[in-house]
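Chemist: This is the structure I have questions about; it appears just below.
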Amino acid sequence: MQRRPRRNRKSQAVRELVEETSVSVKDLIFPLFLVDGNKKKIEVGSMPGIYRYSVDTMLSEIESCLKLGIKSFDVFPAYPESLKDSQASESYNPETFYLKGLREIKKQFPEICLMSDVAMDPYSSDGHDGIVKDGKILNDETLQVLGRMSLAQADAGVDILGPSDMMDGRVGFIRDLLDEHDFKDTSIMSYTAKYASAFYGPFRDALDSAPKFGDKKTYQMDYSNTKDALIEADLDVEEGADFLMVKPALSYLDIIKLLNDNYSLPIAAYNVSGEYSMVKASAANGWIESNRAMVEILTSIKRSGAKIILTYFAKEFAELSQ
Ligand code: PBG
């Protein structure tokens with residue numbers, strides 16, 4: 001036998017020499033859930049190890065993450081029903097706890113990269129990402145709300161806006177508005193290929209944001225299809241996105257590769273709540289080793305072409321890498 005591929009696997013040292021992909025803490029964005037009030041740190045039932053924080057406890061959490069080398073955070077708000085309405089008007093109320101919280105975080109830690117989510121669902125009494133009329137999600141009317149929300153978040157100090165709503169034309173609409181209001185340095189990470197997925201379940205628990213009727217299939221994408229991702233990516237590039245994101249990650253590694261092969265913008269992937277909870281649930285039963293599964297999952301996402309990974313595993317990964 002002249003060729004023995006096993007020779008390149010014979011020791012840890014040799015394996016490290018030939019290792020093509022390794023995940024770094026630098027690649028990760030840590031999603032965090034913010035609630036109103038103070039001294040709160042409440043575990044999300046369906047996401048062991050993940051908490052809803054009030055701003056004071058979130059500041060300490062960010063501080064401990066910074067010590068581990070995590071520099072990027074995506075903050076999502078959890079609103080009580082009493083503050084939700086059909087127009088998501090709380091999303092651009094300058095006094096709302098989410099915007100005040102973002103401002104406070106950025107003031108305390110100006111060096112971090114702060115990301116936010118642009119969509120109506122956390123603030124909507126219908127639990128949808130857009131304005132609902134007669135059971136339909138209105139596209140162009142929703143852009144107006146997304147625009148106001150984006151300006152309010154940019155004004156609070158957000159570095160990267162993440163439109164996750166899947167309305168047509170929103171990236172260009174938001175880009176123009178940001179530029180008109182002198183937020184030229186505020187970036188947009190578009191949820192380019194966001195599929196209507198079962199894997200968002202635990203996130204909707206964390207935010208109490210499940211749709212009150214129907215599903216999100218008229219705006220989020222159909223997981224049977226690939227070409228739609230190319231259409232969305234073409235539009236996002238034309239409309240001025242700075243990053244293209246694929247979401248979820250694990251069942252969509254082919255889509256991550258497709259976008260990375262065809263576009264020069266950096267590709268991000270969102271390793272979503274359900275993907276995290278599957279590992280945690282099976283580890284809790286002793287069926288899988290959480291750390292090994294975590295590193296394998298993150299490496300596979302990076303290997304498929306994502307430079308950036310949004311993941312609830314960020315802190316655990318950073319601790320493991322110490
Ligand atoms: C809001 C939004 C969702 C997620 C990120 N932004 C949920 C949804 O679209 O229903 C999911 C994140 C996760 O599951 O971790 N539009």
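Each chain in the structure tokens gets a letter, A, B and so on, in the order shown; residues start at 1 in every chain, and ligands are counted from 1 in the order they appear.
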Using DSSP on the backbone, list every residue of segment 94-293 of chain A that comes out as alpha helix (DSSP H), and give them as a PyMOL selection string.
Modeler: chain A and resi 97-108+139-155+170-180+201-207+227-238+253-262+273-284+290-293
Chemist: Write out as an NGL selection string which residues come within 12 Å of Asp36 of chain A when counting only C-alpha atoms, dropping same-chain ones fewer than 4 positions away.
Modeler: :A and (40-42 or 52-58 or 76-80 or 83 or 95-101)
Chemist: Write a file of the selected residues as a PDB file, in the first residue's frame, keeping C-alpha atoms.
Modeler:
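This is the output file again_8.pdb:
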```pdb
ATOM      1  CA  LYS A  40     -33.114  39.484  37.326  1.00  0.00           C
ATOM      2  CA  LYS A  41     -31.472  36.351  35.999  1.00  0.00           C
ATOM      3  CA  ILE A  42     -34.135  33.846  35.043  1.00  0.00           C
ATOM      4  CA  ARG A  52     -33.198  36.384  30.678  1.00  0.00           C
ATOM      5  CA  TYR A  53     -31.252  39.253  32.265  1.00  0.00           C
ATOM      6  CA  SER A  54     -32.241  42.695  33.462  1.00  0.00           C
ATOM      7  CA  VAL A  55     -29.756  45.346  32.365  1.00  0.00           C
ATOM      8  CA  ASP A  56     -27.699  45.297  35.610  1.00  0.00           C
ATOM      9  CA  THR A  57     -27.137  41.533  35.560  1.00  0.00           C
ATOM     10  CA  MET A  58     -26.590  41.639  31.794  1.00  0.00           C
ATOM     11  CA  PHE A  76     -33.091  40.508  22.155  1.00  0.00           C
ATOM     12  CA  PRO A  77     -35.875  41.957  24.330  1.00  0.00           C
ATOM     13  CA  ALA A  78     -38.624  39.966  26.077  1.00  0.00           C
ATOM     14  CA  TYR A  79     -41.745  42.161  26.480  1.00  0.00           C
ATOM     15  CA  PRO A  80     -44.831  41.540  28.593  1.00  0.00           C
ATOM     16  CA  LEU A  83     -46.772  46.457  26.172  1.00  0.00           C
ATOM     17  CA  GLU A  95     -38.103  55.385  26.903  1.00  0.00           C
ATOM     18  CA  THR A  96     -38.586  51.656  26.402  1.00  0.00           C
ATOM     19  CA  PHE A  97     -36.362  49.400  28.525  1.00  0.00           C
ATOM     20  CA  TYR A  98     -34.774  47.700  25.502  1.00  0.00           C
ATOM     21  CA  LEU A  99     -33.481  50.901  23.903  1.00  0.00           C
ATOM     22  CA  LYS A 100     -32.396  52.290  27.271  1.00  0.00           C
ATOM     23  CA  GLY A 101     -30.644  48.988  27.983  1.00  0.00           C
TER      24      GLY A 101
END
```
Chemist: May I ask you to write as a list of chain:residue names all residues lying at most 7 Å from ligand 1, with only C-alpha atoms and all ligand atoms counted?
Modeler: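 Going residue by residue within 7 Å of ligand 1, we get A:Asp117, A:Ala119, A:Asp121, A:Asp129, A:Ser164, A:Asp165, A:Phe199, A:Tyr200, A:Gly201, A:Pro202, A:Phe203, A:Arg204, A:Ala210, A:Asn271, A:Val272, A:Ser273, A:Gly274.
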Chemist: Could you save those same residues with N, CA and C atoms as a PDB file, in the first residue's frame?
Modeler:
```pdb
ATOM      1  N   ASP A 117     -31.890  43.075  16.915  1.00  0.00           N
ATOM      2  CA  ASP A 117     -32.777  42.394  15.971  1.00  0.00           C
ATOM      3  C   ASP A 117     -33.845  43.372  15.486  1.00  0.00           C
ATOM      4  N   ALA A 119     -37.333  43.373  13.813  1.00  0.00           N
ATOM      5  CA  ALA A 119     -38.537  42.632  13.403  1.00  0.00           C
ATOM      6  C   ALA A 119     -39.605  43.002  14.419  1.00  0.00           C
ATOM      7  N   ASP A 121     -41.903  41.026  15.906  1.00  0.00           N
ATOM      8  CA  ASP A 121     -42.490  39.978  16.769  1.00  0.00           C
ATOM      9  C   ASP A 121     -42.370  40.157  18.289  1.00  0.00           C
ATOM     10  N   ASP A 129     -43.882  38.983  12.497  1.00  0.00           N
ATOM     11  CA  ASP A 129     -42.765  39.898  12.254  1.00  0.00           C
ATOM     12  C   ASP A 129     -43.198  41.158  11.497  1.00  0.00           C
ATOM     13  N   SER A 164     -34.498  40.606  10.812  1.00  0.00           N
ATOM     14  CA  SER A 164     -34.806  39.176  10.830  1.00  0.00           C
ATOM     15  C   SER A 164     -36.236  38.931  10.374  1.00  0.00           C
ATOM     16  N   ASP A 165     -36.845  39.974   9.802  1.00  0.00           N
ATOM     17  CA  ASP A 165     -38.291  39.962   9.530  1.00  0.00           C
ATOM     18  C   ASP A 165     -38.679  39.319   8.204  1.00  0.00           C
ATOM     19  N   PHE A 199     -37.010  24.871  14.443  1.00  0.00           N
ATOM     20  CA  PHE A 199     -35.918  25.018  15.414  1.00  0.00           C
ATOM     21  C   PHE A 199     -35.912  26.349  16.166  1.00  0.00           C
ATOM     22  N   TYR A 200     -36.919  27.215  15.929  1.00  0.00           N
ATOM     23  CA  TYR A 200     -36.995  28.476  16.681  1.00  0.00           C
ATOM     24  C   TYR A 200     -37.843  28.342  17.946  1.00  0.00           C
ATOM     25  N   GLY A 201     -38.382  27.158  18.196  1.00  0.00           N
ATOM     26  CA  GLY A 201     -39.322  26.970  19.313  1.00  0.00           C
ATOM     27  C   GLY A 201     -38.836  27.521  20.654  1.00  0.00           C
ATOM     28  N   PRO A 202     -37.656  27.112  21.140  1.00  0.00           N
ATOM     29  CA  PRO A 202     -37.208  27.595  22.450  1.00  0.00           C
ATOM     30  C   PRO A 202     -37.004  29.113  22.510  1.00  0.00           C
ATOM     31  N   PHE A 203     -36.579  29.726  21.400  1.00  0.00           N
ATOM     32  CA  PHE A 203     -36.420  31.187  21.348  1.00  0.00           C
ATOM     33  C   PHE A 203     -37.769  31.876  21.568  1.00  0.00           C
ATOM     34  N   ARG A 204     -38.803  31.328  20.945  1.00  0.00           N
ATOM     35  CA  ARG A 204     -40.131  31.942  21.101  1.00  0.00           C
ATOM     36  C   ARG A 204     -40.629  31.781  22.529  1.00  0.00           C
ATOM     37  N   ALA A 210     -44.350  33.697  20.322  1.00  0.00           N
ATOM     38  CA  ALA A 210     -44.909  32.795  19.300  1.00  0.00           C
ATOM     39  C   ALA A 210     -46.069  33.469  18.578  1.00  0.00           C
ATOM     40  N   ASN A 271     -26.755  29.556  14.697  1.00  0.00           N
ATOM     41  CA  ASN A 271     -26.936  28.244  15.329  1.00  0.00           C
ATOM     42  C   ASN A 271     -28.065  28.446  16.353  1.00  0.00           C
ATOM     43  N   VAL A 272     -29.308  28.162  15.920  1.00  0.00           N
ATOM     44  CA  VAL A 272     -30.484  28.677  16.648  1.00  0.00           C
ATOM     45  C   VAL A 272     -30.824  27.891  17.919  1.00  0.00           C
ATOM     46  N   SER A 273     -31.836  28.425  18.604  1.00  0.00           N
ATOM     47  CA  SER A 273     -32.231  27.897  19.917  1.00  0.00           C
ATOM     48  C   SER A 273     -32.508  26.393  19.910  1.00  0.00           C
ATOM     49  N   GLY A 274     -33.271  25.923  18.937  1.00  0.00           N
ATOM     50  CA  GLY A 274     -33.625  24.501  18.916  1.00  0.00           C
ATOM     51  C   GLY A 274     -32.414  23.612  18.721  1.00  0.00           C
TER      52      GLY A 274
END
```
Chemist: Quick one: residues within 12 Å of Gln108 of chain A, only C-alpha atoms, excluding same-chain residues fewer than 4 positions away - as a list in words?
Modeler: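 Close residues of Gln108 of chain A: Val55, Asp56, Met58, Leu59, Ser60, Ile62, Glu63, Gly101, Leu102, Arg103, Glu104, Ile112, Leu114 and Gly157 of chain A.
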Chemist: Take the residues that were just selected and, keeping C-alpha atoms, output them as a CSV table (one decimal), in the first residue's frame.
Modeler:
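Saved the output as result24.csv:
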```
chain,number,residue,atom,x,y,z
A,55,VAL,CA,-29.8,45.3,32.4
A,56,ASP,CA,-27.7,45.3,35.6
A,58,MET,CA,-26.6,41.6,31.8
A,59,LEU,CA,-23.8,44.2,32.3
A,60,SER,CA,-22.0,41.7,34.6
A,62,ILE,CA,-21.1,40.9,29.4
A,63,GLU,CA,-18.1,41.8,31.6
A,101,GLY,CA,-30.6,49.0,28.0
A,102,LEU,CA,-28.8,49.0,24.7
A,103,ARG,CA,-27.6,52.6,25.3
A,104,GLU,CA,-26.4,51.6,28.8
A,112,ILE,CA,-17.9,45.7,22.1
A,114,LEU,CA,-23.4,45.3,19.8
A,157,GLY,CA,-25.6,52.8,19.8
```
Chemist: Would you list, as an MDAnalysis selection string, the residues of segment 139-187 of chain A that end up in strand (DSSP E) under DSSP run on this structure's backbone?
Modeler: chainID A and resid 160:163 187
Chemist: Could you name the residues that touch Gly130 of chain A at 9 Å or less, counting only C-alpha atoms, but leaving out those on the same chain fewer than 3 positions away, as a PyMOL selection string?
Modeler: chain A and resi 87-88+119-121+124+126-127+137-139+141-143+145-146+165-167
Chemist: Report, in Å with one decimal, the straight-line distance from atom CA of Val246 of chain A to atom CA of Tyr195 of chain A.
Modeler: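 These atoms are spaced 8.4 Å apart.
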Chemist: Within 8 Å of Gly147 of chain A, counting only C-alpha atoms, which residues qualify if same-chain residues fewer than 5 places away don't, as JSON, numbers by chain?
Modeler: {"A": [173, 174, 177]}
Chemist: Please save N, CA and C atoms of the selected residues as a PDB file, in the first residue's frame.
Modeler:
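New file out_36.pdb:
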```pdb
ATOM      1  N   PHE A 173     -34.353  49.720   2.258  1.00  0.00           N
ATOM      2  CA  PHE A 173     -35.161  50.733   2.945  1.00  0.00           C
ATOM      3  C   PHE A 173     -34.429  51.224   4.196  1.00  0.00           C
ATOM      4  N   ILE A 174     -33.916  50.278   4.979  1.00  0.00           N
ATOM      5  CA  ILE A 174     -33.225  50.633   6.226  1.00  0.00           C
ATOM      6  C   ILE A 174     -31.899  51.344   5.921  1.00  0.00           C
ATOM      7  N   LEU A 177     -32.506  54.959   4.971  1.00  0.00           N
ATOM      8  CA  LEU A 177     -32.925  55.725   6.135  1.00  0.00           C
ATOM      9  C   LEU A 177     -31.739  56.013   7.070  1.00  0.00           C
TER      10      LEU A 177
END
```
Chemist: Considering only C-alpha atoms, state which residue in the set A:Asn260, A:Ser86, A:Ser209, A:Ser190 is at the smallest distance from Leu235 of chain A.
Modeler: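 Between A:Asn260, A:Ser86, A:Ser209, A:Ser190, the residue approaching Leu235 of chain A most closely is A:Ser190.
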Chemist: Check the smallest atom-to-atom distance from each of A:Lys10, A:Ile188, A:Asp208, A:Gly214 to Leu244 of chain A using only C-alpha atoms, then report the winner.
Modeler: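 That would be A:Ile188, the residue with the smallest distance to Leu244 of chain A.
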Chemist: Using only C-alpha atoms, which of A:Phe109, A:Tyr92, A:Tyr312, A:Phe213 sits nearest Tyr270 of chain A?
Modeler: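 That would be A:Tyr312, the residue with the smallest distance to Tyr270 of chain A.
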Chemist: If you count only C-alpha atoms, which residues fall within 12 Å of segment 15-27 of chain A, apart from same-chain ones fewer than 4 positions away, as a short mmCIF file (atom, residue, chain, number, x, y, z; two decimals) with C-alpha atoms, in the first residue's frame?
Modeler:
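Ended up saving to result-v3.cif:
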```
data_model
loop_
_atom_site.label_atom_id
_atom_site.label_comp_id
_atom_site.auth_asym_id
_atom_site.auth_seq_id
_atom_site.Cartn_x
_atom_site.Cartn_y
_atom_site.Cartn_z
CA PRO A 5 -4.32 8.28 4.78
CA ARG A 6 -4.13 7.15 8.41
CA ARG A 7 -0.50 8.39 8.62
CA ASN A 8 -1.85 11.95 8.77
CA ARG A 9 -4.05 11.03 11.72
CA LYS A 10 -1.43 9.22 13.79
CA SER A 11 -0.94 11.73 16.63
CA CYS A 65 -17.77 37.24 28.65
CA LEU A 66 -15.28 39.98 27.74
CA LYS A 67 -12.77 38.37 30.10
CA LEU A 68 -13.20 35.16 28.11
CA GLY A 69 -12.58 36.99 24.83
CA ILE A 70 -16.17 37.31 23.56
CA LYS A 71 -16.56 40.78 22.08
CA SER A 72 -19.84 40.57 20.14
CA PHE A 73 -23.35 40.33 21.56
CA ILE A 112 -17.93 45.71 22.14
CA CYS A 113 -19.75 44.99 18.89
CA PRO A 266 -18.75 37.66 4.95
CA ILE A 267 -21.20 34.86 5.69
CA ALA A 268 -22.75 34.40 9.12
CA ALA A 269 -24.83 31.48 10.38
CA TYR A 270 -27.27 31.43 13.28
CA MET A 294 -20.74 21.66 20.65
CA VAL A 295 -17.24 21.82 19.15
CA GLU A 296 -18.18 19.44 16.34
CA ILE A 297 -21.28 21.48 15.49
CA LEU A 298 -19.48 24.84 15.52
CA THR A 299 -16.60 23.42 13.45
CA SER A 300 -18.99 21.99 10.86
CA ILE A 301 -20.75 25.36 10.53
CA LYS A 302 -17.43 27.10 10.00
CA ARG A 303 -16.16 24.38 7.63
CA SER A 304 -19.24 24.84 5.45
CA GLY A 305 -18.31 28.50 4.91
CA ALA A 306 -19.61 30.65 7.76
CA LYS A 307 -16.97 33.00 9.15
CA ILE A 308 -19.31 34.26 11.87
CA ILE A 309 -21.49 32.10 14.11
CA LEU A 310 -24.27 33.38 16.34
CA THR A 311 -24.55 30.77 19.05
CA PHE A 313 -22.80 28.04 23.07
CA ALA A 314 -20.51 31.10 22.83
CA LYS A 315 -19.70 31.36 26.54
CA GLU A 316 -19.27 27.62 27.06
CA PHE A 317 -17.02 27.45 24.02
CA ALA A 318 -14.96 30.38 25.29
CA GLU A 319 -14.61 28.71 28.70
CA LEU A 320 -13.51 25.47 27.07
CA SER A 321 -10.93 27.34 24.97
CA GLN A 322 -9.27 28.97 28.01
#
```
Chemist: My list of candidates is A:Thr226, A:Ser46, A:Gln12, A:Thr186. Which is closest to Ala206 of chain A when distances are computed with only C-alpha atoms?
Modeler: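 Closest residue, counting only C-alpha atoms: A:Ser46.
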Chemist: Return the single residue from A:Pro94, A:Gly135, A:Pro122, A:Gly240 that is closest to Leu178 of chain A, with distances computed using only C-alpha atoms.
Modeler: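 Among A:Pro94, A:Gly135, A:Pro122, A:Gly240, it is A:Gly240 that comes nearest to Leu178 of chain A.
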Chemist: Under the rule that only C-alpha atoms are counted, which of A:Ala229, A:Ile131, A:Ile50, A:Met221 is the nearest residue to Asp85 of chain A?
Modeler: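 Ranking A:Ala229, A:Ile131, A:Ile50, A:Met221 by distance to Asp85 of chain A, first place goes to A:Ile131.
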